[in-house]
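*Asks:* Sharing a structure with you now.
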Amino acid sequence: MKRILSILTFLLLLSWNSIYAQKGLNIEPVFSGEYNDKEQAVVIYLKGKKLKPYHLDIFYSVSIQDSQDDVLKFEKAVLADGRNASNSEIIKSGNKTLACYYQLPPDKKDGPNRFILFRKKGSASATLIYMEGNTELDSLINIFINKKKQ
């Protein structure tokens, strides 16, 4: 019984921490758990030692396939949050946004930087990533985007 309570407490703290991380951002609803059980979604949440080499504290992503409505929801939230970015890179083809990479200021004094990476793979598939850490946007783009192209 103690073990079950410990596990439930851990899961509650983990979910609270992940929800708190995006607090006040337009992308917050995407990371609320809504996509955890959707068959066409892949949700990844990482925290801890695996992220230290990248100078990150939190990595949270939601990838969606076969859902144009969700892709539009992601994109609308990302573009709204991007207005407050201190550093950004946007990739477009004509009027269509293909990818957005934003560095947001910390949500509290001396807090970690916050990052939003968004990439569309057509009109019905996309990946939205939220990260926090003591790094810069250019470093993350080199790690997560440019390395994949090599």
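Residues in the structure tokens are named by chain (A, B, ... in the order shown) and by number from 1 within that chain; ligands are numbered from 1 in the order shown.
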Would you mind listing, for every residue of region 11-116 of chain A within 9 Å of region 122-146 of chain A, the two atoms forming the shortest contact and the distance between them in Å to one decimal, using only C-alpha atoms, sorted by chain and ascending residue number, as JSON lines?
*Replies:*
```
{"residue": "A:Ala21", "atom": "CA", "partner": "A:Glu132", "partner_atom": "CA", "distance": 8.0}
{"residue": "A:Gln22", "atom": "CA", "partner": "A:Tyr130", "partner_atom": "CA", "distance": 7.8}
{"residue": "A:Ile27", "atom": "CA", "partner": "A:Tyr130", "partner_atom": "CA", "distance": 8.7}
{"residue": "A:Val30", "atom": "CA", "partner": "A:Leu128", "partner_atom": "CA", "distance": 8.7}
{"residue": "A:Phe31", "atom": "CA", "partner": "A:Tyr130", "partner_atom": "CA", "distance": 8.9}
{"residue": "A:Tyr54", "atom": "CA", "partner": "A:Thr135", "partner_atom": "CA", "distance": 7.7}
{"residue": "A:His55", "atom": "CA", "partner": "A:Asn134", "partner_atom": "CA", "distance": 5.5}
{"residue": "A:Leu56", "atom": "CA", "partner": "A:Gly133", "partner_atom": "CA", "distance": 4.0}
{"residue": "A:Asp57", "atom": "CA", "partner": "A:Gly133", "partner_atom": "CA", "distance": 5.1}
{"residue": "A:Ile58", "atom": "CA", "partner": "A:Glu132", "partner_atom": "CA", "distance": 5.1}
{"residue": "A:Phe59", "atom": "CA", "partner": "A:Met131", "partner_atom": "CA", "distance": 4.6}
{"residue": "A:Tyr60", "atom": "CA", "partner": "A:Tyr130", "partner_atom": "CA", "distance": 5.2}
{"residue": "A:Ser61", "atom": "CA", "partner": "A:Ile129", "partner_atom": "CA", "distance": 4.2}
{"residue": "A:Val62", "atom": "CA", "partner": "A:Leu128", "partner_atom": "CA", "distance": 5.4}
{"residue": "A:Ser63", "atom": "CA", "partner": "A:Thr127", "partner_atom": "CA", "distance": 4.2}
{"residue": "A:Ile64", "atom": "CA", "partner": "A:Ser125", "partner_atom": "CA", "distance": 5.4}
{"residue": "A:Gln65", "atom": "CA", "partner": "A:Ser125", "partner_atom": "CA", "distance": 4.3}
{"residue": "A:Asp66", "atom": "CA", "partner": "A:Ala124", "partner_atom": "CA", "distance": 4.9}
{"residue": "A:Ser67", "atom": "CA", "partner": "A:Ala124", "partner_atom": "CA", "distance": 4.8}
{"residue": "A:Gln68", "atom": "CA", "partner": "A:Ala124", "partner_atom": "CA", "distance": 4.0}
{"residue": "A:Asp69", "atom": "CA", "partner": "A:Ala124", "partner_atom": "CA", "distance": 7.6}
{"residue": "A:Asp70", "atom": "CA", "partner": "A:Ala124", "partner_atom": "CA", "distance": 7.7}
{"residue": "A:Val71", "atom": "CA", "partner": "A:Ala124", "partner_atom": "CA", "distance": 6.0}
{"residue": "A:Leu72", "atom": "CA", "partner": "A:Ser123", "partner_atom": "CA", "distance": 8.3}
{"residue": "A:Phe74", "atom": "CA", "partner": "A:Leu128", "partner_atom": "CA", "distance": 7.1}
{"residue": "A:Glu75", "atom": "CA", "partner": "A:Leu128", "partner_atom": "CA", "distance": 8.7}
{"residue": "A:Val78", "atom": "CA", "partner": "A:Leu128", "partner_atom": "CA", "distance": 8.4}
{"residue": "A:Asn87", "atom": "CA", "partner": "A:Leu137", "partner_atom": "CA", "distance": 7.1}
{"residue": "A:Ser88", "atom": "CA", "partner": "A:Leu137", "partner_atom": "CA", "distance": 7.6}
{"residue": "A:Glu89", "atom": "CA", "partner": "A:Leu137", "partner_atom": "CA", "distance": 8.9}
{"residue": "A:Leu98", "atom": "CA", "partner": "A:Gly122", "partner_atom": "CA", "distance": 8.3}
{"residue": "A:Tyr101", "atom": "CA", "partner": "A:Leu137", "partner_atom": "CA", "distance": 7.5}
{"residue": "A:Tyr102", "atom": "CA", "partner": "A:Leu137", "partner_atom": "CA", "distance": 7.0}
{"residue": "A:Gln103", "atom": "CA", "partner": "A:Leu137", "partner_atom": "CA", "distance": 5.7}
{"residue": "A:Pro106", "atom": "CA", "partner": "A:Glu132", "partner_atom": "CA", "distance": 8.7}
{"residue": "A:Gly111", "atom": "CA", "partner": "A:Gly133", "partner_atom": "CA", "distance": 8.5}
{"residue": "A:Pro112", "atom": "CA", "partner": "A:Gly133", "partner_atom": "CA", "distance": 4.8}
{"residue": "A:Asn113", "atom": "CA", "partner": "A:Gly133", "partner_atom": "CA", "distance": 5.4}
{"residue": "A:Arg114", "atom": "CA", "partner": "A:Glu132", "partner_atom": "CA", "distance": 4.5}
{"residue": "A:Phe115", "atom": "CA", "partner": "A:Met131", "partner_atom": "CA", "distance": 5.0}
{"residue": "A:Ile116", "atom": "CA", "partner": "A:Tyr130", "partner_atom": "CA", "distance": 4.8}
```
*Asks:* Among chain A, which ones does DSSP assign to strand (DSSP E or B) (computed from the backbone)? Answer as number ranges by chain.
*Replies:* A: 41-47, 56-64, 87-93, 96-104, 113-120, 126-133
*Asks:* How many Å separate CA of Lys120 (chain A) from CA of Ala80 (chain A)?
*Replies:* 16.3 Å
*Asks:* To one decimal place in Å, what is the distance between CA of Tyr45 (chain A) and CA of Gly33 (chain A)?
*Replies:*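 Value for the CA of Tyr45 (chain A)-CA of Gly33 (chain A) distance: 11.1 Å.
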*Asks:* Measuring atom to atom with only C-alpha atoms, identify which of A:Ile44, A:Leu117, A:Ala77, A:Ala85 is nearest to Cys100 (chain A).
*Replies:*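 Result for the nearest residue to Cys100 (chain A): A:Leu117.
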*Asks:* Between CA of Lys73 (chain A) and CA of Gly48 (chain A), what is the distance in Å, rounded to a tenth?
*Replies:*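 Taking CA of Lys73 (chain A) and CA of Gly48 (chain A), their separation equals 29.3 Å.
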*Asks:* Using only C-alpha atoms, which of the listed residues (A:Ala41, A:Leu46, A:Leu25, A:Leu51) sits closest to Leu79 (chain A)?
*Replies:*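 Selected residue with least distance to Leu79 (chain A): A:Leu25.
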